>>> print(open('coords_22.pdb').read())   # PDB, C-alpha atoms and all ligand atoms
MODEL        1
ATOM      1  CA  MET A 220       0.000   0.000   0.000
ATOM      2  CA  SER A 221       1.391   3.424  -0.998
ATOM      3  CA  THR A 222       1.994   5.828   1.864
ATOM      4  CA  ASN A 223       2.246   9.245   0.205
ATOM      5  CA  ALA A 224      -0.851  11.189  -0.778
ATOM      6  CA  VAL A 225       0.019  11.698  -4.436
ATOM      7  CA  ARG A 226      -1.696   9.182  -6.694
ATOM      8  CA  THR A 227       0.408   7.260  -9.179
ATOM      9  CA  THR A 228      -1.288   6.555 -12.511
ATOM     10  CA  LEU A 229       0.120   4.474 -15.357
ATOM     11  CA  ILE A 230      -1.167   5.589 -18.771
ATOM     12  CA  THR A 231      -0.590   3.610 -21.966
ATOM     13  CA  GLY A 232      -0.600   5.641 -25.166
ATOM     14  CA  ALA A 233       0.540   8.621 -23.079
ATOM     15  CA  ALA A 234       2.531  10.267 -25.879
ATOM     16  CA  SER A 235      -0.414  11.396 -28.016
ATOM     17  CA  GLY A 236      -4.089  12.265 -28.182
ATOM     18  CA  ILE A 237      -6.357  11.276 -25.303
ATOM     19  CA  GLY A 238      -3.591   9.638 -23.250
ATOM     20  CA  ALA A 239      -1.396  12.738 -23.517
ATOM     21  CA  ALA A 240      -4.313  14.999 -22.550
ATOM     22  CA  LEU A 241      -5.011  12.859 -19.475
ATOM     23  CA  ALA A 242      -1.304  12.877 -18.552
ATOM     24  CA  ARG A 243      -1.256  16.700 -18.750
ATOM     25  CA  HIS A 244      -4.409  16.930 -16.630
ATOM     26  CA  LEU A 245      -3.140  14.630 -13.864
ATOM     27  CA  THR A 246       0.319  16.229 -13.868
ATOM     28  CA  ALA A 247      -1.278  19.679 -13.495
ATOM     29  CA  LEU A 248      -3.116  18.342 -10.430
ATOM     30  CA  GLY A 249       0.254  17.354  -8.926
ATOM     31  CA  GLU A 250      -0.280  13.644  -9.458
ATOM     32  CA  ARG A 251       2.400  11.242 -10.634
ATOM     33  CA  VAL A 252       2.072   9.814 -14.144
ATOM     34  CA  ILE A 253       4.041   6.916 -15.594
ATOM     35  CA  GLY A 254       3.618   7.098 -19.356
ATOM     36  CA  VAL A 255       3.978   4.048 -21.580
ATOM     37  CA  ASP A 256       4.224   4.382 -25.340
ATOM     38  CA  LEU A 257       6.275   3.382 -28.370
ATOM     39  CA  SER A 258       8.476   6.483 -27.880
ATOM     40  CA  ASN A 259       8.528   9.766 -25.914
ATOM     41  CA  ALA A 260       7.424   8.054 -22.709
ATOM     42  CA  ASP A 261       8.749   7.060 -19.260
ATOM     43  CA  ILE A 262       8.638   3.453 -20.433
ATOM     44  CA  CYS A 263       8.996   2.762 -24.154
ATOM     45  CA  ALA A 264       7.396  -0.535 -25.124
ATOM     46  CA  ASP A 265       5.560  -2.041 -28.073
ATOM     47  CA  LEU A 266       2.286  -3.370 -26.691
ATOM     48  CA  ALA A 267       1.700  -5.352 -29.891
ATOM     49  CA  VAL A 268       4.535  -7.683 -28.827
ATOM     50  CA  PRO A 269       3.626 -10.289 -26.162
ATOM     51  CA  ALA A 270       7.192 -10.440 -24.798
ATOM     52  CA  GLU A 271       7.274  -6.663 -24.331
ATOM     53  CA  ARG A 272       3.943  -6.758 -22.493
ATOM     54  CA  ALA A 273       5.267  -9.507 -20.224
ATOM     55  CA  ALA A 274       8.483  -7.566 -19.548
ATOM     56  CA  LEU A 275       6.628  -4.335 -18.794
ATOM     57  CA  VAL A 276       5.557  -5.310 -15.283
ATOM     58  CA  ALA A 277       9.142  -5.686 -14.065
ATOM     59  CA  ARG A 278      10.011  -2.344 -15.660
ATOM     60  CA  VAL A 279       7.107  -0.660 -13.848
ATOM     61  CA  GLN A 280       8.145  -2.309 -10.568
ATOM     62  CA  LYS A 281      11.575  -0.700 -10.883
ATOM     63  CA  ILE A 282       9.795   2.676 -10.730
ATOM     64  CA  THR A 283       6.999   1.985  -8.234
ATOM     65  CA  PRO A 284       5.890  -0.902  -5.984
ATOM     66  CA  SER A 285       2.206  -0.051  -6.486
ATOM     67  CA  LEU A 286      -0.195   1.709  -8.825
ATOM     68  CA  ASP A 287      -3.262   3.696  -7.795
ATOM     69  CA  ALA A 288      -4.665   3.757 -11.321
ATOM     70  CA  VAL A 289      -4.025   2.344 -14.763
ATOM     71  CA  VAL A 290      -5.607   3.952 -17.825
ATOM     72  CA  MET A 291      -5.238   2.026 -21.065
ATOM     73  CA  CYS A 292      -5.307   4.546 -23.927
ATOM     74  CA  ALA A 293      -2.929   2.959 -26.461
ATOM     75  CA  GLY A 294      -4.668   2.027 -29.677
ATOM     76  CA  VAL A 295      -4.393   2.017 -33.457
ATOM     77  CA  SER A 296      -6.887   2.118 -36.316
ATOM     78  CA  PRO A 297      -6.838   1.346 -40.049
ATOM     79  CA  PRO A 298      -4.768   1.627 -42.208
ATOM     80  CA  VAL A 299      -2.650  -0.131 -39.548
ATOM     81  CA  ALA A 300      -2.694  -3.827 -40.477
ATOM     82  CA  GLY A 301      -5.313  -5.982 -38.738
ATOM     83  CA  ASP A 302      -2.824  -8.271 -36.993
ATOM     84  CA  THR A 303      -0.982  -5.398 -35.314
ATOM     85  CA  LEU A 304      -4.288  -3.660 -34.614
ATOM     86  CA  VAL A 305      -5.807  -6.578 -32.713
ATOM     87  CA  SER A 306      -2.611  -7.135 -30.736
ATOM     88  CA  VAL A 307      -2.513  -3.488 -29.598
ATOM     89  CA  ASN A 308      -6.210  -2.739 -29.154
ATOM     90  CA  TYR A 309      -7.339  -5.991 -27.550
ATOM     91  CA  PHE A 310      -4.350  -7.983 -26.277
ATOM     92  CA  GLY A 311      -2.522  -4.793 -25.281
ATOM     93  CA  VAL A 312      -5.260  -4.542 -22.646
ATOM     94  CA  ALA A 313      -6.562  -8.063 -22.025
ATOM     95  CA  ASP A 314      -3.070  -9.540 -21.667
ATOM     96  CA  LEU A 315      -1.352  -6.589 -19.980
ATOM     97  CA  LEU A 316      -3.895  -5.259 -17.486
ATOM     98  CA  PRO A 317      -4.204  -8.537 -15.501
ATOM     99  CA  ARG A 318      -0.399  -8.563 -15.242
ATOM    100  CA  LEU A 319      -0.610  -5.131 -13.600
ATOM    101  CA  LEU A 320      -3.383  -6.238 -11.215
ATOM    102  CA  PRO A 321      -1.004  -7.117  -8.316
ATOM    103  CA  LEU A 322       0.406  -3.565  -8.452
ATOM    104  CA  LEU A 323      -3.120  -2.143  -8.436
ATOM    105  CA  GLN A 324      -4.087  -4.360  -5.502
ATOM    106  CA  ARG A 325      -1.254  -2.712  -3.538
ATOM    107  CA  GLY A 326      -2.467   0.786  -4.532
ATOM    108  CA  ARG A 327      -4.834   3.164  -2.768
ATOM    109  CA  GLN A 328      -8.465   3.072  -3.902
ATOM    110  CA  PRO A 329      -7.203   1.541  -7.133
ATOM    111  CA  ARG A 330      -8.979   2.056 -10.416
ATOM    112  CA  ALA A 331      -8.483   0.722 -13.955
ATOM    113  CA  VAL A 332      -9.970   2.359 -17.051
ATOM    114  CA  VAL A 333      -9.870   1.142 -20.649
ATOM    115  CA  ILE A 334     -10.711   3.085 -23.812
ATOM    116  CA  SER A 335     -13.062   1.101 -26.025
ATOM    117  CA  SER A 336     -14.991   2.934 -28.756
ATOM    118  CA  LEU A 337     -18.377   3.809 -30.224
ATOM    119  CA  ALA A 338     -17.102   1.594 -33.048
ATOM    120  CA  SER A 339     -17.924  -1.367 -30.773
ATOM    121  CA  LEU A 340     -21.490  -0.864 -32.102
ATOM    122  CA  HIS A 341     -20.411  -1.181 -35.745
ATOM    123  CA  PRO A 342     -20.587  -4.443 -37.742
ATOM    124  CA  ILE A 343     -18.083  -6.959 -36.399
ATOM    125  CA  ASP A 344     -16.450 -10.236 -37.341
ATOM    126  CA  THR A 345     -17.903 -12.665 -34.782
ATOM    127  CA  ARG A 346     -15.048 -15.158 -35.210
ATOM    128  CA  LEU A 347     -12.477 -12.503 -34.412
ATOM    129  CA  VAL A 348     -14.366 -11.406 -31.295
ATOM    130  CA  GLU A 349     -14.570 -15.046 -30.148
ATOM    131  CA  MET A 350     -10.843 -15.586 -30.747
ATOM    132  CA  CYS A 351     -10.014 -12.468 -28.754
ATOM    133  CA  LEU A 352     -12.187 -13.447 -25.823
ATOM    134  CA  ALA A 353     -10.709 -16.959 -25.909
ATOM    135  CA  GLY A 354      -7.231 -15.424 -25.592
ATOM    136  CA  GLU A 355      -6.096 -16.887 -28.925
ATOM    137  CA  GLU A 356      -3.804 -14.085 -30.061
ATOM    138  CA  PHE A 357      -2.079 -16.014 -32.848
ATOM    139  CA  ALA A 358      -5.382 -17.053 -34.449
ATOM    140  CA  ALA A 359      -6.893 -13.602 -33.869
ATOM    141  CA  ARG A 360      -3.949 -11.919 -35.616
ATOM    142  CA  LYS A 361      -4.386 -14.200 -38.634
ATOM    143  CA  GLN A 362      -8.144 -13.597 -38.776
ATOM    144  CA  ALA A 363      -7.726  -9.817 -38.377
ATOM    145  CA  ALA A 364      -5.103  -9.704 -41.134
ATOM    146  CA  ASN A 365      -7.593 -11.454 -43.441
ATOM    147  CA  ILE A 366     -10.650  -9.322 -42.713
ATOM    148  CA  GLY A 367      -8.911  -5.921 -42.646
ATOM    149  CA  ALA A 368     -10.952  -2.853 -41.640
ATOM    150  CA  PRO A 369     -13.678  -4.602 -39.521
ATOM    151  CA  SER A 370     -10.835  -5.543 -37.167
ATOM    152  CA  TYR A 371     -11.169  -2.171 -35.434
ATOM    153  CA  ALA A 372     -14.860  -2.561 -34.508
ATOM    154  CA  SER A 373     -14.269  -6.218 -33.616
ATOM    155  CA  SER A 374     -11.304  -5.430 -31.361
ATOM    156  CA  LYS A 375     -13.346  -2.785 -29.536
ATOM    157  CA  ARG A 376     -16.460  -5.001 -29.233
ATOM    158  CA  ALA A 377     -14.267  -7.713 -27.715
ATOM    159  CA  LEU A 378     -12.700  -5.130 -25.404
ATOM    160  CA  THR A 379     -16.076  -3.929 -24.108
ATOM    161  CA  GLN A 380     -17.101  -7.538 -23.438
ATOM    162  CA  TRP A 381     -13.740  -8.201 -21.758
ATOM    163  CA  ILE A 382     -14.211  -5.205 -19.436
ATOM    164  CA  ARG A 383     -17.661  -6.411 -18.366
ATOM    165  CA  ARG A 384     -16.426  -9.981 -17.870
ATOM    166  CA  THR A 385     -13.246  -9.073 -16.019
ATOM    167  CA  ALA A 386     -14.583  -6.379 -13.685
ATOM    168  CA  ALA A 387     -16.529  -8.962 -11.678
ATOM    169  CA  LEU A 388     -13.801 -11.625 -11.492
ATOM    170  CA  PRO A 389     -12.171 -12.391  -8.125
ATOM    171  CA  GLY A 390      -9.278 -10.030  -7.391
ATOM    172  CA  TRP A 391     -10.828  -7.011  -9.086
ATOM    173  CA  ALA A 392     -13.833  -5.200  -7.526
ATOM    174  CA  ASP A 393     -13.890  -7.565  -4.536
ATOM    175  CA  ALA A 394     -10.265  -6.525  -3.885
ATOM    176  CA  GLY A 395     -11.157  -2.845  -4.303
ATOM    177  CA  VAL A 396      -9.905  -2.545  -7.907
ATOM    178  CA  LEU A 397     -12.778  -0.995  -9.869
ATOM    179  CA  LEU A 398     -12.507  -1.624 -13.625
ATOM    180  CA  ASN A 399     -14.530   0.384 -16.140
ATOM    181  CA  GLY A 400     -14.174   1.617 -19.711
ATOM    182  CA  ILE A 401     -15.316   4.477 -21.882
ATOM    183  CA  ALA A 402     -16.541   4.403 -25.471
ATOM    184  CA  PRO A 403     -15.726   7.677 -27.262
ATOM    185  CA  GLY A 404     -17.188   8.782 -30.570
ATOM    186  CA  VAL A 405     -14.908  10.769 -32.859
ATOM    187  CA  VAL A 406     -12.138  12.625 -31.023
ATOM    188  CA  LYS A 407      -9.894  15.081 -32.864
ATOM    189  CA  THR A 408      -6.534  13.410 -32.250
ATOM    190  CA  PRO A 409      -3.722  12.321 -34.579
ATOM    191  CA  MET A 410      -5.583   9.009 -34.989
ATOM    192  CA  VAL A 411      -8.426  10.576 -36.991
ATOM    193  CA  ALA A 412      -6.627  13.655 -38.374
ATOM    194  CA  PRO A 413      -5.994  12.029 -41.786
ATOM    195  CA  LEU A 414      -9.717  11.201 -42.134
ATOM    196  CA  LEU A 415     -10.785  14.733 -41.206
ATOM    197  CA  GLU A 416      -8.511  16.130 -43.911
ATOM    198  CA  THR A 417     -10.479  14.680 -46.849
ATOM    199  CA  ALA A 418     -14.144  14.977 -47.876
ATOM    200  CA  GLU A 419     -14.276  11.190 -48.312
ATOM    201  CA  GLY A 420     -12.888  10.641 -44.811
ATOM    202  CA  ARG A 421     -15.286  13.133 -43.257
ATOM    203  CA  GLU A 422     -18.247  11.437 -45.000
ATOM    204  CA  ALA A 423     -17.158   8.018 -43.741
ATOM    205  CA  LEU A 424     -16.864   9.377 -40.198
ATOM    206  CA  SER A 425     -20.249  11.077 -40.182
ATOM    207  CA  ALA A 426     -21.932   7.952 -41.609
ATOM    208  CA  GLY A 427     -20.409   5.705 -38.940
ATOM    209  CA  VAL A 428     -20.492   8.156 -36.056
ATOM    210  CA  PRO A 429     -23.396  10.591 -36.501
ATOM    211  CA  THR A 430     -23.523  13.281 -33.821
ATOM    212  CA  VAL A 431     -26.235  15.443 -32.304
ATOM    213  CA  VAL A 432     -23.711  18.053 -31.174
ATOM    214  CA  ARG A 433     -22.119  20.258 -33.826
ATOM    215  CA  ASP A 434     -18.486  19.224 -33.618
ATOM    216  CA  TYR A 435     -16.351  16.219 -32.804
ATOM    217  CA  ALA A 436     -14.753  16.061 -29.358
ATOM    218  CA  THR A 437     -11.373  17.371 -28.349
ATOM    219  CA  ALA A 438      -9.181  15.062 -26.290
ATOM    220  CA  GLU A 439      -9.692  17.470 -23.379
ATOM    221  CA  GLN A 440     -13.450  16.795 -23.489
ATOM    222  CA  ILE A 441     -12.806  13.080 -22.943
ATOM    223  CA  VAL A 442     -10.443  13.623 -20.002
ATOM    224  CA  PRO A 443     -12.989  14.451 -17.227
ATOM    225  CA  LEU A 444     -14.785  11.093 -17.520
ATOM    226  CA  LEU A 445     -11.502   9.183 -17.702
ATOM    227  CA  ALA A 446     -10.122  11.110 -14.721
ATOM    228  CA  PHE A 447     -13.288  10.454 -12.701
ATOM    229  CA  LEU A 448     -13.233   6.712 -13.388
ATOM    230  CA  ALA A 449      -9.508   6.599 -12.492
ATOM    231  CA  SER A 450     -10.063   8.433  -9.190
ATOM    232  CA  PRO A 451     -11.462   7.557  -5.756
ATOM    233  CA  ALA A 452     -14.430   9.803  -6.688
ATOM    234  CA  ASN A 453     -15.697   6.736  -8.507
ATOM    235  CA  GLY A 454     -16.595   4.560  -5.581
ATOM    236  CA  TYR A 455     -19.347   2.440  -7.065
ATOM    237  CA  MET A 456     -19.189   2.067 -10.870
ATOM    238  CA  VAL A 457     -17.985  -1.380 -11.894
ATOM    239  CA  GLY A 458     -17.746  -2.910 -15.363
ATOM    240  CA  GLN A 459     -19.461  -0.026 -17.171
ATOM    241  CA  VAL A 460     -18.464   1.356 -20.570
ATOM    242  CA  PRO A 461     -20.311   4.680 -20.973
ATOM    243  CA  PHE A 462     -20.488   6.340 -24.373
ATOM    244  CA  VAL A 463     -18.982   9.809 -24.624
ATOM    245  CA  ASP A 464     -19.936  10.413 -28.207
ATOM    246  CA  GLY A 465     -21.925  13.601 -28.858
ATOM    247  CA  GLY A 466     -25.112  11.537 -29.134
ATOM    248  CA  ALA A 467     -23.932   8.900 -31.637
ATOM    249  CA  ASP A 468     -25.146   5.930 -29.581
ATOM    250  CA  VAL A 469     -28.582   7.538 -29.181
ATOM    251  CA  LEU A 470     -28.817   8.190 -32.929
ATOM    252  CA  LEU A 471     -27.600   4.705 -33.861
ATOM    253  CA  ARG A 472     -29.535   2.632 -31.319
ATOM    254  CA  GLY A 473     -32.468   4.804 -30.289
ATOM    255  CA  GLU A 474     -34.081   5.412 -26.948
ATOM    256  CA  ALA A 475     -34.831   1.801 -26.055
ATOM    257  CA  ALA A 476     -31.264   0.466 -26.155
ATOM    258  CA  LEU A 477     -29.833  -0.661 -22.841
TER     259      LEU A 477
HETATM  260  P1  LIG B 501      -3.497   8.680 -30.852
HETATM  261  O1  LIG B 501      -3.015   8.032 -32.098
HETATM  262  O2  LIG B 501      -3.374  10.150 -30.723
HETATM  263  O3  LIG B 501      -2.816   8.013 -29.572
HETATM  264  C1  LIG B 501      -2.638   6.614 -29.487
HETATM  265  C2  LIG B 501      -1.329   6.341 -28.766
HETATM  266  O4  LIG B 501      -1.153   4.924 -28.687
HETATM  267  C3  LIG B 501      -0.108   6.903 -29.533
HETATM  268  O5  LIG B 501       0.716   7.669 -28.674
HETATM  269  C4  LIG B 501       0.597   5.664 -30.029
HETATM  270  O6  LIG B 501       2.007   5.777 -30.135
HETATM  271  C5  LIG B 501       0.210   4.642 -28.943
HETATM  272  N1  LIG B 501       0.410   3.298 -29.454
HETATM  273  C6  LIG B 501       0.014   2.816 -30.660
HETATM  274  N2  LIG B 501       0.496   1.582 -30.829
HETATM  275  C7  LIG B 501       1.198   1.274 -29.721
HETATM  276  C8  LIG B 501       1.941   0.146 -29.335
HETATM  277  N3  LIG B 501       2.084  -0.927 -30.137
HETATM  278  N4  LIG B 501       2.564   0.168 -28.128
HETATM  279  C9  LIG B 501       2.469   1.255 -27.320
HETATM  280  N5  LIG B 501       1.764   2.356 -27.634
HETATM  281  C10 LIG B 501       1.151   2.361 -28.830
HETATM  282  O7  LIG B 501      -5.028   8.230 -30.730
HETATM  283  P2  LIG B 501      -6.168   8.599 -29.675
HETATM  284  O8  LIG B 501      -7.324   9.079 -30.442
HETATM  285  O9  LIG B 501      -5.657   9.367 -28.521
HETATM  286  O10 LIG B 501      -6.554   7.116 -29.190
HETATM  287  C11 LIG B 501      -6.553   6.726 -27.821
HETATM  288  C12 LIG B 501      -7.549   5.583 -27.675
HETATM  289  O11 LIG B 501      -8.861   6.088 -27.933
HETATM  290  C13 LIG B 501      -7.334   4.426 -28.630
HETATM  291  O12 LIG B 501      -7.548   3.217 -27.948
HETATM  292  C14 LIG B 501      -8.409   4.628 -29.668
HETATM  293  O13 LIG B 501      -8.787   3.418 -30.292
HETATM  294  C15 LIG B 501      -9.504   5.196 -28.812
HETATM  295  N6  LIG B 501     -10.524   5.936 -29.541
HETATM  296  C16 LIG B 501     -10.181   7.019 -30.278
HETATM  297  C17 LIG B 501     -11.172   7.699 -30.958
HETATM  298  C18 LIG B 501     -10.874   8.896 -31.823
HETATM  299  O14 LIG B 501     -11.766   9.339 -32.574
HETATM  300  N7  LIG B 501      -9.703   9.474 -31.742
HETATM  301  C19 LIG B 501     -12.502   7.280 -30.862
HETATM  302  C20 LIG B 501     -12.814   6.176 -30.077
HETATM  303  C21 LIG B 501     -11.816   5.518 -29.402
ENDMDL
END
>>> encode(input="coords_22.pdb", output="structure tokens")
Amino acid sequence: MSTNAVRTTLITGAASGIGAALARHLTALGERVIGVDLSNADICADLAVPAERAALVARVQKITPSLDAVVMCAGVSPPVAGDTLVSVNYFGVADLLPRLLPLLQRGRQPRAVVISSLASLHPIDTRLVEMCLAGEEFAARKQAANIGAPSYASSKRALTQWIRRTAALPGWADAGVLLNGIAPGVVKTPMVAPLLETAEGREALSAGVPTVVRDYATAEQIVPLLAFLASPANGYMVGQVPFVDGGADVLLRGEAAL
């Protein structure tokens, strides 16, 4: 159990976009952030590589004996190849976060938050989702490489299911570690910048992620919900993946969806 009052939060994908915005927010509050990313981070690691995920825990333990929060922001989208995509987006969470659980269990009012996506509502490849949830990374990589673009929605659908499944397992909420996710709509980060630059890209985005509000989100608009779920202020939410999407879920699924 940590003794000082400053919370220590590990953020994957901390070098860009939503992860970087959260890191700035927590740092401004005087909290301690351990950033993980491919480069420009406290710990540089490739979360697509199983051996690097396995080695990460020991590297974190050299910096801190415990974690008060972990926020998994690292992710990629097409045109990144499906095999890399599924390894980062799904296994970069489902394989890595349980490895970090012992550090969270030693933390103070520990919280874990995962970024899924509104895209979890888009058409998916059921086989790929099943392979992910079965932990079959090799098969999932092969399947994702074959199907291409639907890998993104499939990886995020699997992630949302994984969050709901895992949050109630022994060692998580019953040990005080509250796990939740968020499902953003379009956020103006380097991930979607190339799409926003072309009329074709903008049309594809507005067809897949229609919004009631006038503009897409900034990363800073996503931070408050992430920060809440990563903080002791969240004392009772477990296994939830709220949409933060400018109304896209409401437009896509209507008022009766649960
Ligand atoms: P971003 O590209 O700005 O940031 C993603 C970060 O993840 C980058 O710093 C990148 O280097 C890191 N990353 C990628 N591959 C990695 C790997 N193999 N190992 C370690 N780090 C790696 O994108 P963002 O928009 O901030 O995305 C953050 C999360 O939000 C992602 O999971 C993304 O899928 C999700 N999301 C984004 C949007 C959006 O519209 N931007 C919408 C819904 C969900």
>>> residues_around(input="coords_22.pdb", residues="segment 361-373 of chain A", least_positions_apart="4", cutoff="7 Å", atoms="all atoms listed in the file", output="list of chain:residue names")
A:Ser296, A:Pro297, A:Ala300, A:Gly301, A:Asp302, A:Val305, A:Ala338, A:Ser339, A:His341, A:Pro342, A:Ile343, A:Asp344, A:Leu347, A:Val348, A:Phe357, A:Ala377
>>> closest_atom_pairs(input="coords_22.pdb", of="segment 225-316 of chain A", to="segment 409-433 of chain A", cutoff="8 Å", atoms="only C-alpha atoms", output="Markdown table")
| residue | atom | partner | partner_atom | distance |
| --- | --- | --- | --- | --- |
| A:Ser235 | CA | A:Pro409 | CA | 7.4 |
| A:Gly236 | CA | A:Pro409 | CA | 6.4 |
| A:Val295 | CA | A:Met410 | CA | 7.3 |
| A:Ser296 | CA | A:Met410 | CA | 7.1 |
>>> atom_distance(input="coords_22.pdb", atom1="atom CA of Phe310 of chain A", atom2="atom CA of Glu349 of chain A")
13.0 Å
>>> axis_aligned_box(input="coords_22.pdb", around="ligand LIG 501 (chain B)", padding_each_side="4 Å", output="lines of an AutoDock Vina configuration file")
center_x = -5.1
center_y = 4.6
center_z = -29.9
size_x = 23.4
size_y = 19.1
size_z = 13.3
>>> closest_atom_pairs(input="coords_22.pdb", of="chain A", to="ligand LIG 501 (chain B)", cutoff="6 Å", atoms="only C-alpha atoms and all ligand atoms", output="tab-separated table")
residue	atom	partner	partner_atom	distance
A:Gly232	CA	B:LIG501	O4	3.6
A:Ala233	CA	B:LIG501	O5	5.7
A:Ala234	CA	B:LIG501	O5	4.2
A:Ser235	CA	B:LIG501	O5	3.9
A:Gly236	CA	B:LIG501	O9	3.3
A:Ile237	CA	B:LIG501	O9	3.8
A:Gly238	CA	B:LIG501	O9	5.7
A:Asp256	CA	B:LIG501	N5	3.9
A:Leu257	CA	B:LIG501	C9	4.5
A:Ala264	CA	B:LIG501	C9	5.7
A:Asp265	CA	B:LIG501	N4	3.7
A:Leu266	CA	B:LIG501	N4	3.8
A:Ala267	CA	B:LIG501	N3	4.4
A:Cys292	CA	B:LIG501	C12	4.5
A:Ala293	CA	B:LIG501	O4	3.5
A:Gly294	CA	B:LIG501	O12	3.6
A:Val295	CA	B:LIG501	C6	5.3
A:Val307	CA	B:LIG501	N3	5.3
A:Ile334	CA	B:LIG501	O12	5.2
A:Ser335	CA	B:LIG501	C21	5.7
A:Ser336	CA	B:LIG501	C20	4.1
A:Pro403	CA	B:LIG501	C20	4.3
A:Gly404	CA	B:LIG501	C19	4.9
A:Val405	CA	B:LIG501	O14	3.5
A:Val406	CA	B:LIG501	O14	3.7
A:Lys407	CA	B:LIG501	N7	5.7
A:Thr408	CA	B:LIG501	O8	4.8
A:Pro409	CA	B:LIG501	O2	4.4
A:Met410	CA	B:LIG501	O1	4.0
A:Val411	CA	B:LIG501	N7	5.5
>>> write_last_selection(input="coords_22.pdb", atoms="C-alpha atoms", output="PDB file, in the coordinates of the input")
ATOM      1  CA  GLY A 232      -0.600   5.641 -25.166  1.00  0.00           C
ATOM      2  CA  ALA A 233       0.540   8.621 -23.079  1.00  0.00           C
ATOM      3  CA  ALA A 234       2.531  10.267 -25.879  1.00  0.00           C
ATOM      4  CA  SER A 235      -0.414  11.396 -28.016  1.00  0.00           C
ATOM      5  CA  GLY A 236      -4.089  12.265 -28.182  1.00  0.00           C
ATOM      6  CA  ILE A 237      -6.357  11.276 -25.303  1.00  0.00           C
ATOM      7  CA  GLY A 238      -3.591   9.638 -23.250  1.00  0.00           C
ATOM      8  CA  ASP A 256       4.224   4.382 -25.340  1.00  0.00           C
ATOM      9  CA  LEU A 257       6.275   3.382 -28.370  1.00  0.00           C
ATOM     10  CA  ALA A 264       7.396  -0.535 -25.124  1.00  0.00           C
ATOM     11  CA  ASP A 265       5.560  -2.041 -28.073  1.00  0.00           C
ATOM     12  CA  LEU A 266       2.286  -3.370 -26.691  1.00  0.00           C
ATOM     13  CA  ALA A 267       1.700  -5.352 -29.891  1.00  0.00           C
ATOM     14  CA  CYS A 292      -5.307   4.546 -23.927  1.00  0.00           C
ATOM     15  CA  ALA A 293      -2.929   2.959 -26.461  1.00  0.00           C
ATOM     16  CA  GLY A 294      -4.668   2.027 -29.677  1.00  0.00           C
ATOM     17  CA  VAL A 295      -4.393   2.017 -33.457  1.00  0.00           C
ATOM     18  CA  VAL A 307      -2.513  -3.488 -29.598  1.00  0.00           C
ATOM     19  CA  ILE A 334     -10.711   3.085 -23.812  1.00  0.00           C
ATOM     20  CA  SER A 335     -13.062   1.101 -26.025  1.00  0.00           C
ATOM     21  CA  SER A 336     -14.991   2.934 -28.756  1.00  0.00           C
ATOM     22  CA  PRO A 403     -15.726   7.677 -27.262  1.00  0.00           C
ATOM     23  CA  GLY A 404     -17.188   8.782 -30.570  1.00  0.00           C
ATOM     24  CA  VAL A 405     -14.908  10.769 -32.859  1.00  0.00           C
ATOM     25  CA  VAL A 406     -12.138  12.625 -31.023  1.00  0.00           C
ATOM     26  CA  LYS A 407      -9.894  15.081 -32.864  1.00  0.00           C
ATOM     27  CA  THR A 408      -6.534  13.410 -32.250  1.00  0.00           C
ATOM     28  CA  PRO A 409      -3.722  12.321 -34.579  1.00  0.00           C
ATOM     29  CA  MET A 410      -5.583   9.009 -34.989  1.00  0.00           C
ATOM     30  CA  VAL A 411      -8.426  10.576 -36.991  1.00  0.00           C
TER      31      VAL A 411
END
>>> build_atoms(input="coords_22.pdb", residues="segment 430-439 of chain A", atoms="N, CA and C atoms", output="PDB file, keeping the file's coordinate frame")
ATOM      1  N   THR A 430     -23.485  12.589 -35.116  1.00  0.00           N
ATOM      2  CA  THR A 430     -23.523  13.281 -33.821  1.00  0.00           C
ATOM      3  C   THR A 430     -24.710  14.238 -33.750  1.00  0.00           C
ATOM      4  N   VAL A 431     -25.197  14.444 -32.551  1.00  0.00           N
ATOM      5  CA  VAL A 431     -26.235  15.443 -32.304  1.00  0.00           C
ATOM      6  C   VAL A 431     -25.568  16.795 -32.103  1.00  0.00           C
ATOM      7  N   VAL A 432     -24.448  16.806 -31.392  1.00  0.00           N
ATOM      8  CA  VAL A 432     -23.711  18.053 -31.174  1.00  0.00           C
ATOM      9  C   VAL A 432     -23.042  18.465 -32.488  1.00  0.00           C
ATOM     10  N   ARG A 433     -22.579  19.710 -32.551  1.00  0.00           N
ATOM     11  CA  ARG A 433     -22.119  20.258 -33.826  1.00  0.00           C
ATOM     12  C   ARG A 433     -20.723  19.831 -34.234  1.00  0.00           C
ATOM     13  N   ASP A 434     -19.890  19.485 -33.284  1.00  0.00           N
ATOM     14  CA  ASP A 434     -18.486  19.224 -33.618  1.00  0.00           C
ATOM     15  C   ASP A 434     -18.059  17.902 -32.994  1.00  0.00           C
ATOM     16  N   TYR A 435     -16.933  17.380 -33.460  1.00  0.00           N
ATOM     17  CA  TYR A 435     -16.351  16.219 -32.804  1.00  0.00           C
ATOM     18  C   TYR A 435     -15.642  16.684 -31.534  1.00  0.00           C
ATOM     19  N   ALA A 436     -15.342  15.718 -30.656  1.00  0.00           N
ATOM     20  CA  ALA A 436     -14.753  16.061 -29.358  1.00  0.00           C
ATOM     21  C   ALA A 436     -13.273  16.419 -29.488  1.00  0.00           C
ATOM     22  N   THR A 437     -12.818  17.231 -28.542  1.00  0.00           N
ATOM     23  CA  THR A 437     -11.373  17.371 -28.349  1.00  0.00           C
ATOM     24  C   THR A 437     -10.959  16.320 -27.328  1.00  0.00           C
ATOM     25  N   ALA A 438      -9.675  16.023 -27.286  1.00  0.00           N
ATOM     26  CA  ALA A 438      -9.181  15.062 -26.290  1.00  0.00           C
ATOM     27  C   ALA A 438      -9.497  15.567 -24.881  1.00  0.00           C
ATOM     28  N   GLU A 439      -9.438  16.888 -24.707  1.00  0.00           N
ATOM     29  CA  GLU A 439      -9.692  17.470 -23.379  1.00  0.00           C
ATOM     30  C   GLU A 439     -11.139  17.230 -22.921  1.00  0.00           C
TER      31      GLU A 439
END
